[in-house]
>>> print(open('coords.cif').read())   # mmCIF, C-alpha atoms
data_final
#
loop_
_atom_site.label_atom_id
_atom_site.label_comp_id
_atom_site.auth_asym_id
_atom_site.auth_seq_id
_atom_site.Cartn_x
_atom_site.Cartn_y
_atom_site.Cartn_z
CA MET A 1408 114.07 54.65 127.84
CA THR A 1409 113.57 58.41 127.48
CA SER A 1410 115.54 60.15 130.17
CA THR A 1411 115.14 63.88 129.54
CA THR A 1412 112.15 64.39 131.86
CA ILE A 1413 112.83 61.68 134.46
CA THR A 1414 113.72 62.99 137.90
CA ALA A 1415 115.17 61.35 140.98
CA ALA A 1416 111.68 61.05 142.44
CA ALA A 1417 111.01 58.17 140.01
CA ALA A 1418 113.18 55.93 142.18
CA GLY A 1419 111.03 56.51 145.26
CA SER A 1420 112.27 57.79 148.59
CA TRP A 1421 113.69 56.61 151.91
CA THR A 1422 113.87 58.22 155.33
CA LEU A 1423 117.17 58.56 157.16
CA SER A 1424 115.59 58.92 160.60
CA ASP A 1425 113.81 62.27 160.06
CA LEU A 1426 115.44 63.16 156.71
CA THR A 1427 113.64 62.03 153.54
CA VAL A 1428 115.76 61.55 150.42
CA ASN A 1429 115.09 60.31 146.90
CA ARG A 1430 116.73 56.93 146.40
CA ILE A 1431 118.85 58.22 143.52
CA GLY A 1432 121.50 60.58 144.86
CA PHE A 1433 124.87 61.89 143.70
CA GLY A 1434 128.39 60.92 144.75
CA ALA A 1435 130.88 63.78 144.61
CA MET A 1436 134.12 61.76 144.43
CA ARG A 1437 134.58 62.29 140.66
CA LEU A 1438 133.52 65.94 140.77
CA THR A 1439 136.91 67.55 141.35
CA GLN A 1440 138.96 66.00 138.56
CA THR A 1441 138.93 64.20 135.25
CA GLY A 1442 140.19 60.63 135.11
CA ALA A 1443 140.95 58.62 138.23
CA ALA A 1444 139.89 60.16 141.53
CA LEU A 1445 141.87 60.47 144.77
CA THR A 1446 145.28 60.60 143.11
CA HIS A 1447 147.90 63.27 143.76
CA ASP A 1448 148.34 64.01 140.05
CA ALA A 1449 144.64 64.20 139.14
CA VAL A 1450 143.74 66.79 136.49
CA PRO A 1451 141.33 69.36 138.01
CA ARG A 1452 137.89 69.56 136.43
CA ASP A 1453 136.66 72.85 134.95
CA ARG A 1454 135.10 74.77 137.84
CA GLY A 1455 132.11 75.99 135.85
CA GLN A 1456 131.34 72.49 134.62
CA ALA A 1457 131.42 71.07 138.15
CA ILE A 1458 129.17 73.81 139.53
CA GLY A 1459 126.77 73.42 136.63
CA LEU A 1460 126.64 69.66 137.17
CA LEU A 1461 125.67 70.06 140.83
CA ARG A 1462 122.95 72.54 140.00
CA ARG A 1463 121.62 70.27 137.28
CA ALA A 1464 121.54 67.36 139.74
CA VAL A 1465 119.31 69.36 142.09
CA GLU A 1466 117.11 70.41 139.16
CA LEU A 1467 116.66 66.69 138.43
CA GLY A 1468 115.40 66.10 141.96
CA VAL A 1469 118.60 64.84 143.57
CA ASN A 1470 118.40 65.73 147.26
CA HIS A 1471 121.09 63.42 148.65
CA ILE A 1472 124.74 64.25 147.97
CA ASP A 1473 127.61 62.15 149.28
CA THR A 1474 130.92 63.96 149.79
CA ALA A 1475 134.05 64.17 151.97
CA ALA A 1476 136.76 66.70 152.79
CA PHE A 1477 139.29 64.29 151.26
CA TYR A 1478 137.57 64.54 147.86
CA PHE A 1479 139.86 67.09 146.23
CA SER A 1480 142.32 67.67 143.41
CA SER A 1481 145.08 70.28 143.26
CA LEU A 1482 142.62 73.11 142.49
CA ARG A 1483 139.21 71.76 143.43
CA SER A 1484 137.47 70.69 146.65
CA ALA A 1485 134.20 68.78 146.36
CA ASN A 1486 132.82 70.38 149.53
CA GLU A 1487 133.65 73.90 148.43
CA LEU A 1488 132.18 73.27 144.96
CA ILE A 1489 128.98 72.07 146.64
CA ASN A 1490 128.95 75.20 148.80
CA ARG A 1491 129.51 77.49 145.83
CA ALA A 1492 126.93 75.76 143.64
CA LEU A 1493 124.10 75.14 146.06
CA ALA A 1494 124.26 77.51 149.06
CA PRO A 1495 121.93 78.71 150.41
CA TYR A 1496 120.99 75.06 150.46
CA PRO A 1497 117.48 73.82 149.59
CA ASP A 1498 115.54 72.81 152.68
CA ASP A 1499 115.24 69.20 151.53
CA LEU A 1500 118.90 68.71 150.56
CA VAL A 1501 120.75 66.10 152.65
CA ILE A 1502 124.54 66.21 152.51
CA THR A 1503 126.32 63.11 153.76
CA THR A 1504 130.02 63.33 154.58
CA LYS A 1505 132.70 60.82 155.57
CA VAL A 1506 135.44 61.07 158.16
CA GLY A 1507 138.25 58.76 159.19
CA PRO A 1508 140.63 58.91 156.22
CA GLY A 1509 142.61 62.08 155.63
CA ARG A 1510 144.87 63.50 152.94
CA HIS A 1511 147.75 65.97 153.04
CA PRO A 1512 147.27 69.04 150.79
CA SER A 1513 149.75 67.34 148.42
CA GLY A 1514 147.21 64.56 147.97
CA ALA A 1515 149.15 61.95 149.96
CA TRP A 1516 147.09 59.80 152.29
CA LEU A 1517 147.50 60.28 156.04
CA PRO A 1518 147.01 57.64 158.74
CA PRO A 1519 143.34 57.14 159.70
CA ALA A 1520 142.12 59.69 162.21
CA THR A 1521 142.30 58.93 165.90
CA PRO A 1522 139.19 59.62 168.01
CA GLU A 1523 140.74 62.95 169.03
CA ARG A 1524 141.27 64.03 165.40
CA LEU A 1525 137.74 63.20 164.25
CA ARG A 1526 136.36 66.46 165.66
CA GLY A 1527 138.83 68.39 163.50
CA GLN A 1528 137.68 66.47 160.43
CA VAL A 1529 134.04 67.21 161.24
CA GLU A 1530 134.83 70.90 161.71
CA GLU A 1531 136.73 70.97 158.39
CA ASN A 1532 133.66 69.60 156.62
CA LEU A 1533 131.52 72.20 158.37
CA ARG A 1534 133.84 75.01 157.26
CA GLN A 1535 134.08 73.89 153.66
CA LEU A 1536 130.35 73.33 153.31
CA GLY A 1537 129.41 76.51 155.16
CA ARG A 1538 127.14 74.66 157.59
CA ASP A 1539 126.59 74.88 161.33
CA HIS A 1540 125.85 71.15 161.49
CA LEU A 1541 126.31 68.11 159.25
CA ASP A 1542 123.24 66.12 158.22
CA VAL A 1543 124.90 62.68 158.21
CA VAL A 1544 128.49 61.72 159.01
CA ASN A 1545 129.77 58.27 158.07
CA LEU A 1546 132.75 56.81 159.88
CA ARG A 1547 134.87 55.25 157.15
CA ILE A 1548 136.53 52.06 158.39
CA ILE A 1549 139.84 50.57 157.33
CA GLY A 1550 140.43 47.10 158.74
CA ASN A 1551 138.55 44.92 161.23
CA ASP A 1552 139.55 46.51 164.54
CA SER A 1553 137.08 47.81 167.09
CA ILE A 1554 135.43 51.11 166.18
CA ALA A 1555 134.00 51.82 169.64
CA GLU A 1556 136.31 54.72 170.51
CA ARG A 1557 136.02 56.39 167.12
CA PHE A 1558 132.27 55.96 166.81
CA GLY A 1559 131.90 57.06 170.39
CA ALA A 1560 133.75 60.29 169.57
CA LEU A 1561 131.28 60.96 166.74
CA ALA A 1562 128.38 60.18 169.06
CA GLU A 1563 129.69 62.92 171.38
CA LEU A 1564 129.67 65.36 168.45
CA ARG A 1565 126.11 64.28 167.68
CA ARG A 1566 125.08 65.05 171.24
CA ALA A 1567 126.82 68.42 170.95
CA GLY A 1568 124.73 69.28 167.87
CA LEU A 1569 127.54 69.35 165.29
CA VAL A 1570 126.22 66.18 163.66
CA ARG A 1571 122.58 65.23 163.15
CA HIS A 1572 122.88 61.53 162.24
CA LEU A 1573 125.61 58.89 162.04
CA GLY A 1574 126.46 56.16 159.57
CA LEU A 1575 129.22 53.71 158.69
CA SER A 1576 131.29 53.05 155.59
CA ASN A 1577 133.37 50.08 154.40
CA ILE A 1578 132.44 47.89 157.35
CA GLN A 1579 132.15 44.27 158.38
CA PRO A 1580 128.91 43.06 160.03
CA HIS A 1581 130.34 43.11 163.54
CA HIS A 1582 131.05 46.83 163.19
CA LEU A 1583 127.34 47.55 162.76
CA ALA A 1584 126.45 45.78 165.98
CA GLU A 1585 129.26 47.55 167.82
CA ALA A 1586 128.17 50.97 166.57
CA ARG A 1587 124.46 50.45 167.26
CA ALA A 1588 125.28 49.73 170.91
CA ILE A 1589 126.71 53.27 171.09
CA ALA A 1590 124.37 55.42 168.98
CA PRO A 1591 121.72 55.05 166.24
CA VAL A 1592 123.02 54.24 162.74
CA VAL A 1593 120.99 55.57 159.79
CA CYS A 1594 123.05 54.22 156.87
CA VAL A 1595 125.79 51.81 155.84
CA GLN A 1596 127.97 52.46 152.77
CA ASN A 1597 129.82 49.47 151.36
CA MET A 1598 131.29 48.51 148.01
CA TYR A 1599 128.54 46.58 146.29
CA GLY A 1600 127.11 45.88 142.85
CA ILE A 1601 126.48 43.11 140.35
CA GLY A 1602 129.28 40.60 140.92
CA VAL A 1603 131.03 42.87 143.42
CA GLY A 1604 130.58 42.36 147.15
CA PRO A 1605 128.17 39.37 147.16
CA GLU A 1606 129.55 38.61 150.62
CA HIS A 1607 127.61 41.69 151.77
CA ASP A 1608 124.21 40.33 150.68
CA GLU A 1609 123.34 39.38 154.25
CA LEU A 1610 124.54 42.74 155.59
CA LEU A 1611 122.26 44.45 153.04
CA ARG A 1612 119.32 42.37 154.26
CA ALA A 1613 120.22 42.99 157.91
CA CYS A 1614 120.18 46.73 157.30
CA GLY A 1615 116.72 46.42 155.76
CA ARG A 1616 115.40 44.57 158.79
CA ARG A 1617 116.63 47.43 160.98
CA ASN A 1618 115.39 50.25 158.71
CA ILE A 1619 118.98 51.28 158.01
CA ALA A 1620 119.77 52.55 154.52
CA PHE A 1621 122.28 50.48 152.56
CA VAL A 1622 124.24 52.69 150.15
CA PRO A 1623 126.42 50.87 147.60
CA PHE A 1624 129.52 52.60 146.30
CA TYR A 1625 131.31 51.65 143.08
CA ALA A 1626 128.04 50.08 141.92
CA ILE A 1627 128.95 51.07 138.34
CA ALA A 1628 132.76 51.09 138.54
CA GLY A 1629 133.00 47.74 140.29
CA THR A 1630 136.58 46.65 140.72
CA GLY A 1631 137.66 49.72 138.71
CA ARG A 1632 136.96 51.63 141.93
CA GLN A 1633 138.13 55.27 141.76
CA ALA A 1634 139.47 54.79 138.22
CA GLY A 1635 135.90 54.28 136.99
CA ALA A 1636 134.15 51.56 135.04
CA SER A 1637 136.35 49.30 132.93
CA GLY A 1638 133.86 49.16 130.06
CA THR A 1639 133.58 45.39 130.27
CA ASP A 1640 130.29 43.85 131.35
CA SER A 1641 129.02 40.32 131.59
CA GLU A 1642 126.75 39.00 128.87
CA GLU A 1643 123.90 38.93 131.39
CA VAL A 1644 124.21 42.68 132.04
CA ARG A 1645 124.53 43.44 128.32
CA ALA A 1646 121.50 41.31 127.50
CA VAL A 1647 119.27 43.14 129.97
CA ALA A 1648 120.57 46.50 128.73
CA ARG A 1649 119.74 45.56 125.12
CA ALA A 1650 116.26 44.38 126.06
CA HIS A 1651 115.43 47.72 127.69
CA GLY A 1652 117.38 49.97 125.31
CA VAL A 1653 119.50 51.39 128.13
CA SER A 1654 123.17 51.45 129.10
CA THR A 1655 124.82 48.78 131.20
CA ALA A 1656 125.50 51.45 133.84
CA GLN A 1657 121.77 52.09 134.12
CA VAL A 1658 121.13 48.36 134.53
CA ARG A 1659 123.70 48.20 137.32
CA ILE A 1660 122.11 51.13 139.17
CA ALA A 1661 118.60 49.75 138.73
CA TRP A 1662 119.64 46.31 139.98
CA THR A 1663 120.98 47.75 143.22
CA LEU A 1664 117.73 49.65 143.79
CA HIS A 1665 115.78 46.42 143.26
CA ARG A 1666 117.69 44.81 146.14
CA GLY A 1667 115.38 46.50 148.64
CA PRO A 1668 113.46 49.72 149.33
CA HIS A 1669 116.17 50.75 151.79
CA VAL A 1670 118.93 50.67 149.14
CA LEU A 1671 120.07 54.10 147.95
CA ALA A 1672 122.20 54.85 144.89
CA ILE A 1673 124.92 57.53 144.80
CA PRO A 1674 126.42 57.24 141.30
CA GLY A 1675 129.04 59.89 140.65
CA THR A 1676 130.05 61.49 137.38
CA GLY A 1677 131.51 64.64 135.90
CA ASP A 1678 129.56 64.24 132.66
CA PRO A 1679 126.18 66.02 132.36
CA GLY A 1680 124.83 63.35 130.01
CA HIS A 1681 125.80 60.56 132.35
CA LEU A 1682 124.14 62.45 135.22
CA VAL A 1683 120.82 62.50 133.36
CA ASP A 1684 121.16 58.80 132.53
CA ASN A 1685 122.04 57.89 136.11
CA VAL A 1686 118.97 59.68 137.45
CA ALA A 1687 116.80 58.05 134.78
CA ALA A 1688 117.96 54.62 135.94
CA GLY A 1689 115.69 55.10 138.94
CA ALA A 1690 112.70 54.65 136.63
CA LEU A 1691 113.98 51.40 135.10
CA ARG A 1692 111.78 48.53 136.24
CA LEU A 1693 113.41 45.13 135.86
CA SER A 1694 111.29 42.03 135.31
CA GLU A 1695 111.54 38.86 137.35
CA ASP A 1696 113.40 37.26 134.45
CA ASP A 1697 115.80 40.23 134.31
CA LEU A 1698 116.46 39.97 138.01
CA ALA A 1699 117.00 36.22 137.89
CA LEU A 1700 119.57 36.68 135.11
CA LEU A 1701 121.39 39.50 136.90
CA ASP A 1702 121.28 37.70 140.24
CA SER A 1703 123.00 34.73 138.64
CA ALA A 1704 125.75 37.01 137.36
CA HIS A 1705 126.06 38.54 140.82
CA ARG A 1706 126.45 35.16 142.49
CA ALA A 1707 129.03 34.18 139.89
CA GLY A 1708 131.04 37.32 140.61
CA THR A 1709 130.60 38.78 137.11
#
>>> encode(input="coords.cif", output="structure tokens")
Amino acid sequence: MTSTTITAAAAGSWTLSDLTVNRIGFGAMRLTQTGAALTHDAVPRDRGQAIGLLRRAVELGVNHIDTAAFYFSSLRSANELINRALAPYPDDLVITTKVGPGRHPSGAWLPPATPERLRGQVEENLRQLGRDHLDVVNLRIIGNDSIAERFGALAELRRAGLVRHLGLSNIQPHHLAEARAIAPVVCVQNMYGIGVGPEHDELLRACGRRNIAFVPFYAIAGTGRQAGASGTDSEEVRAVARAHGVSTAQVRIAWTLHRGPHVLAIPGTGDPGHLVDNVAAGALRLSEDDLALLDSAHRAGT
């Protein structure tokens, strides 16, 4: 598959309430360092390379960027790189941020934010991005406890105009129902991909029935998580990749997009070549036979 002229528009689009985004976006977690992300000893990425990568993503039609204030290395902040590379922001660019987790400047993780501390996290994202409001804020969940107080605090910030739309990240199904009783939810981000997170298949479908975007993370990395893809793929994934002349990463992205029109992809990378390939995956059309083979691998957890 030729990828040099394929843009993010090839994947189609979805509307987050009143914000329209191409279904292929960009995740900024890997932007600030080389190697594993979110570690205190991460090696900072070259600043010029990171800025160039963001600008190239927008040139390729990416208009949905997922970021967080806790995406940083010792010298780089994803939010501030986005600000430097893309401000003044294109009118159609949607920046989605996450709050809840926090990190000390040393890189050490802090306890999850209380409802009172969430406003400070929102304001930190605003400062770093140079915005007067945030397009979408996802409450990142750790554990199964009630989220009513925390989501309610974000709903107050939405009413105050600091946040335009709200979403959820790393949730269980009951969290979605709890949040929707408080304020509208435009997206759900959960770990999901071929063989990873099959227990979330019903949540994915439930989001579709409610016109809520489902946004898989680690769709390529799988259980490698922030360390990145392990380089090992099932024979089913490799077979489909060979048949189409594409990479296994592109097959994984395309499969998630085939799960429903409301599914968005936010693959992250620091490599310009991988960026082009990731965007091109939005044009990969899998056959019924391809999907049956990949679905079997998904159900088998491979």
>>> closest_residue(input="coords.cif", among="A:His1471, A:Arg1692, A:Arg1463, A:Arg1526", to="A:His1665", atoms="all atoms listed in the file")
A:Arg1692
>>> residues_around(input="coords.cif", residues="A:Ala1626", least_positions_apart="3", cutoff="8 Å", atoms="all atoms listed in the file", output="JSON, numbers by chain")
{"A": [1598, 1599, 1600, 1601, 1603, 1623, 1629, 1659, 1660, 1663, 1674]}
>>> write_last_selection(input="coords.cif", atoms="C-alpha atoms", output="PDB file, in the coordinates of the input")
ATOM      1  CA  MET A1598     131.290  48.510 148.010  1.00  0.00           C
ATOM      2  CA  TYR A1599     128.540  46.580 146.290  1.00  0.00           C
ATOM      3  CA  GLY A1600     127.110  45.880 142.850  1.00  0.00           C
ATOM      4  CA  ILE A1601     126.480  43.110 140.350  1.00  0.00           C
ATOM      5  CA  VAL A1603     131.030  42.870 143.420  1.00  0.00           C
ATOM      6  CA  PRO A1623     126.420  50.870 147.600  1.00  0.00           C
ATOM      7  CA  GLY A1629     133.000  47.740 140.290  1.00  0.00           C
ATOM      8  CA  ARG A1659     123.700  48.200 137.320  1.00  0.00           C
ATOM      9  CA  ILE A1660     122.110  51.130 139.170  1.00  0.00           C
ATOM     10  CA  THR A1663     120.980  47.750 143.220  1.00  0.00           C
ATOM     11  CA  PRO A1674     126.420  57.240 141.300  1.00  0.00           C
TER      12      PRO A1674
END
>>> atom_distance(input="coords.cif", atom1="atom CA of A:Leu1573", atom2="atom CA of A:Val1543")
5.4 Å
>>> atom_distance(input="coords.cif", atom1="atom CA of A:Ala1435", atom2="atom CA of A:Ala1449")
14.8 Å
>>> resolve_selection(input="coords.cif", expression="the PyMOL selection byres ((chain A and resi 1695-1702) around 7)", output="ChimeraX atom specification")
/A:1643-1644,1647,1693-1694,1703-1706
>>> atom_distance(input="coords.cif", atom1="atom CA of A:Thr1441", atom2="atom CA of A:Ile1548")
26.2 Å
